[in-house]
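Shown next, in structure tokens, is the structure this report addresses.
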2 protein chains.
Amino acid sequence: MISIDTLLAWGATYKKIGPHETIFREGTEGHFYHQLVSGSVRWINIGDEGNEFIQQMIEPGESFGEYPLFDGSVYAGSAMSNTESVIIRLHKHTFRQLLKEYPEIHFAFTKLFSERLRFKSLLLKELSCFGPEHRISTLFNYFKESKKNICYQCSQIRLTRQQIANMTGLRVETVIRSIKNLQHKGELVIDRGKIYC
Amino acid sequence: MISIDTLLAWGATYKKIGPHETIFREGTEGHFYHQLVSGSVRWINIGDEGNEFIQQMIEPGESFGEYPLFDGSVYAGSAMSNTESVIIRLHKHTFRQLLKEYPEIHFAFTKLFSERLRFKSLLLKELSCFGPEHRISTLFNYFKESKKNICYQCSQIRLTRQQIANMTGLRVETVIRSIKNLQHKGELVIDRGKIYC
DNA sequence: CCTTGTTTATGATTATGATCATATCAGACG
DNA sequence: CGTCTGATATGATCATAATCATAAACAAGG
């Protein structure tokens with residue numbers, strides 16, 4: 001979102017994260033702007049029986065955990081690393097100063113929020129109105145258009161079926177069976193378990 | 001969101017809307033900033049068999065349909081009036097000029113977006129991880145805290161069971177039965193069909 | 001090449017919310 | 001006051017995804 005140079009100039013610091021580590025926890029106060037430099041992070045909620053809902057998979061260059069910086073409330077979800085990762089952090093106060101200094105960066109954030117709201121609205125509509133196959137199909141289309149969680153050369157979905165389940169409110173088995181059905185309908189291709197669409 | 005005076009000074013115009021009218025339609029281009037002055041509007045998606053998902057009930061003073069103003073894409077849902085309403089509109093271009101002129105208004109919008117993202121994240125978590133009673137209970141708690149869709153004197157929920165169903169991805173009958181259960185558990189009170197919590 | 005752990009796959013059974021069918025209630029209005 | 005309409009209520013049945021159980025495939029590492 002923000003160039004590394006700008007962040008460093010404003011006093012941001014790097015932080016190295018091991019695999020399967022918690023970066024921040026739902027319900028706690030947030031004092032930092034976070035941006036992923038390398039690796040992979042997921043932003044999740046955890047239900048009663050430890051079941052996970054993935055709100056977003058964060059890819060290098062993307063920011064995460066921003067709500068507290070704008071509305072002053074606590075984190076709405078937890079951030080966990082999938083692999084060894086590097087993040088860059090900036091203090092909340094400095095971040096807000098930076099936005100005031102650079103209105104164009106502020107507008108970029110409003111645009112980002114707009115797109116995220118759009119995606120969450122889409123997902124809500126899906127979870128509420130449609131069955132498994134439709135949900136998965138819509139999710140894949142979104143990945144394709146936004147070039148997220150997908151290899152942009154070979155169109156391979158870079159998520160496990162468990163992760164897809166955790167993004168659509170379904171169980172692994174249902175995802176596996178639904179994807180099979182979508183293959184039979186010719187909507188996608190499965191080769192050695194890998195999904196291409 | 002923005003004071004009527006400011007809006008008028010920048011050339012906004014009033015528009016009167018009859019009951020059950022469409023203000024804008026999902027998938028079409030958006031050229032206006034909309035703010036509800038009086039009446040009631042809902043922002044919805046419509047599924048395959050005409051079933052409705054209510055993304056938001058808009059109350060006087062609130063703005064709606066802003067995504068296209070920021071990310072340049074089409075409307076993510078349709079806006080329909082529930083009752084006779086009055087809205088005030090400002091051209092997209094003028095709106096963006098206004099934001100540049102008043103950074104504090106821009107920050108107010110970022111905050112609003114933050115809160116909306118927070119709510120949508122919460123709902124997604126609910127739809128994905130929890131059953132009917134939990135969903136409804138969480139929704140009511142949100143109404144209580146945010147003072148939305150609730151009479152702030154008597155705590156009466158100002159929504160029909162059908163509308164609650166359309167916000168939680170459930171059917172009316174399920175909502176009716178779940179609310180009954182919540183009453184038995186003492187989580188709320190039902191009097192002549194009205195829900196108090 | 002074999003071993004180990006994770007991911008994908010598939011069948012059988014079950015539980016839950018959707019659906020269908022009807023009935024009752026509350027409020028508005030002439 | 002009766003009439004009408006939209007909302008709430010309740011029982012019976014059904015369909016679908018969850019759950020449980022188990023197996024096969026694949027990737028990584030020595």
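Residues in the structure tokens are named by chain (A, B, ... in the order shown) and by number from 1 within that chain; ligands are numbered from 1 in the order shown.
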* Asked: Contacts of B:Leu8 at 12 Å or less, counting only C-alpha atoms (C1' of nucleotides), minus same-chain residues fewer than 4 places along, as a ChimeraX atom specification?
  -> /B:2-4,12-14,35,88-91,94-95,98
* Exercise answer, chain A residues close to chain D, 9 Å and only C-alpha atoms (C1' of nucleotides), as a list in words -> Pro132, Leu170, Arg171, Thr174, Arg192 and Gly193 of chain A
* Determine which residues of chain B sit within 10 Å of chain A, taking into account only C-alpha atoms, and present them as number ranges by chain. => B: 44-55, 66-77, 96, 99-100, 103-104, 106-130, 165-170
* Show me which bits of chain C are within 10 Å of chain B, counting only C-alpha atoms (C1' of nucleotides), as number ranges by chain. => C: 16-19, 25-26
Keeping only N, CA and C atoms (P, O5', C5', C4', C3', O3' and C1' of nucleotides), write the selected residues as a compact mmCIF listing (two decimals), in the first residue's frame.
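The new file part29.txt reads:
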```txt
# COMPACT_ATOMS: atom_id res chain seq x y z
P DT C 16 -28.89 -30.79 15.63
O5' DT C 16 -29.03 -29.56 14.64
C5' DT C 16 -28.07 -29.33 13.63
C4' DT C 16 -28.74 -28.62 12.47
C3' DT C 16 -29.82 -27.63 12.90
O3' DT C 16 -29.56 -26.42 12.25
C1' DT C 16 -30.64 -29.07 11.22
P DG C 17 -30.05 -25.01 12.91
O5' DG C 17 -30.67 -24.28 11.63
C5' DG C 17 -29.93 -24.27 10.44
C4' DG C 17 -30.85 -24.43 9.25
C3' DG C 17 -31.98 -23.41 9.16
O3' DG C 17 -32.03 -22.98 7.82
C1' DG C 17 -32.86 -25.58 8.99
P DA C 18 -33.01 -21.90 7.21
O5' DA C 18 -33.76 -22.77 6.10
C5' DA C 18 -32.96 -23.38 5.10
C4' DA C 18 -33.86 -24.10 4.10
C3' DA C 18 -34.99 -23.26 3.53
O3' DA C 18 -35.10 -23.56 2.13
C1' DA C 18 -35.89 -25.14 4.70
P DT C 19 -36.13 -22.80 1.19
O5' DT C 19 -37.43 -23.71 1.27
C5' DT C 19 -37.35 -25.08 0.92
C4' DT C 19 -38.66 -25.76 1.24
C3' DT C 19 -39.90 -25.01 0.79
O3' DT C 19 -40.58 -25.82 -0.15
C1' DT C 19 -40.16 -25.90 2.97
P DC C 25 -55.29 -16.05 18.83
O5' DC C 25 -54.50 -14.70 18.57
C5' DC C 25 -53.07 -14.74 18.52
C4' DC C 25 -52.57 -13.48 17.85
C3' DC C 25 -53.26 -12.21 18.35
O3' DC C 25 -52.28 -11.41 18.98
C1' DC C 25 -53.03 -12.25 15.97
P DA C 26 -52.69 -10.16 19.86
O5' DA C 26 -52.33 -8.99 18.85
C5' DA C 26 -51.04 -8.97 18.26
C4' DA C 26 -50.93 -7.77 17.34
C3' DA C 26 -51.60 -6.52 17.90
O3' DA C 26 -50.68 -5.44 17.74
C1' DA C 26 -52.50 -7.07 15.74
```
* Residues flagged strand (DSSP E) by DSSP in stretch 4-53 of chain B, as a list in words -> Thr13, Tyr14, Lys15, Lys16, Ile17, Thr22, Ile23, Phe24, Phe32, Tyr33, His34, Gln35, Leu36, Val37, Ser38, Val41, Arg42, Trp43, Ile44, Asn45, Ile46, Glu52 and Phe53 of chain B
* Asked: In Å, how far is it from atom CA of A:Glu84 to atom CA of A:Arg42?
  ->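 Atom CA of A:Arg42 lies at a distance of 12.3 Å from atom CA of A:Glu84.
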* To do: Go ahead and compute the interatomic distance for atom CA of A:Leu188 and atom CA of A:Ile58, in Å to one decimal.
  =>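 Computing the Euclidean distance for atom CA of A:Leu188 and atom CA of A:Ile58 yields 24.3 Å.
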* To do: Can you work out which one of B:Ile157, B:Ile150, B:Leu7, B:Gly65 has the shortest atom-to-atom distance to B:Val189, counting only C-alpha atoms?
  => B:Ile157
* Asked: In Å to one decimal, how far is atom CA of B:Met1 from atom CA of B:Lys148?
  -> 14.9 Å
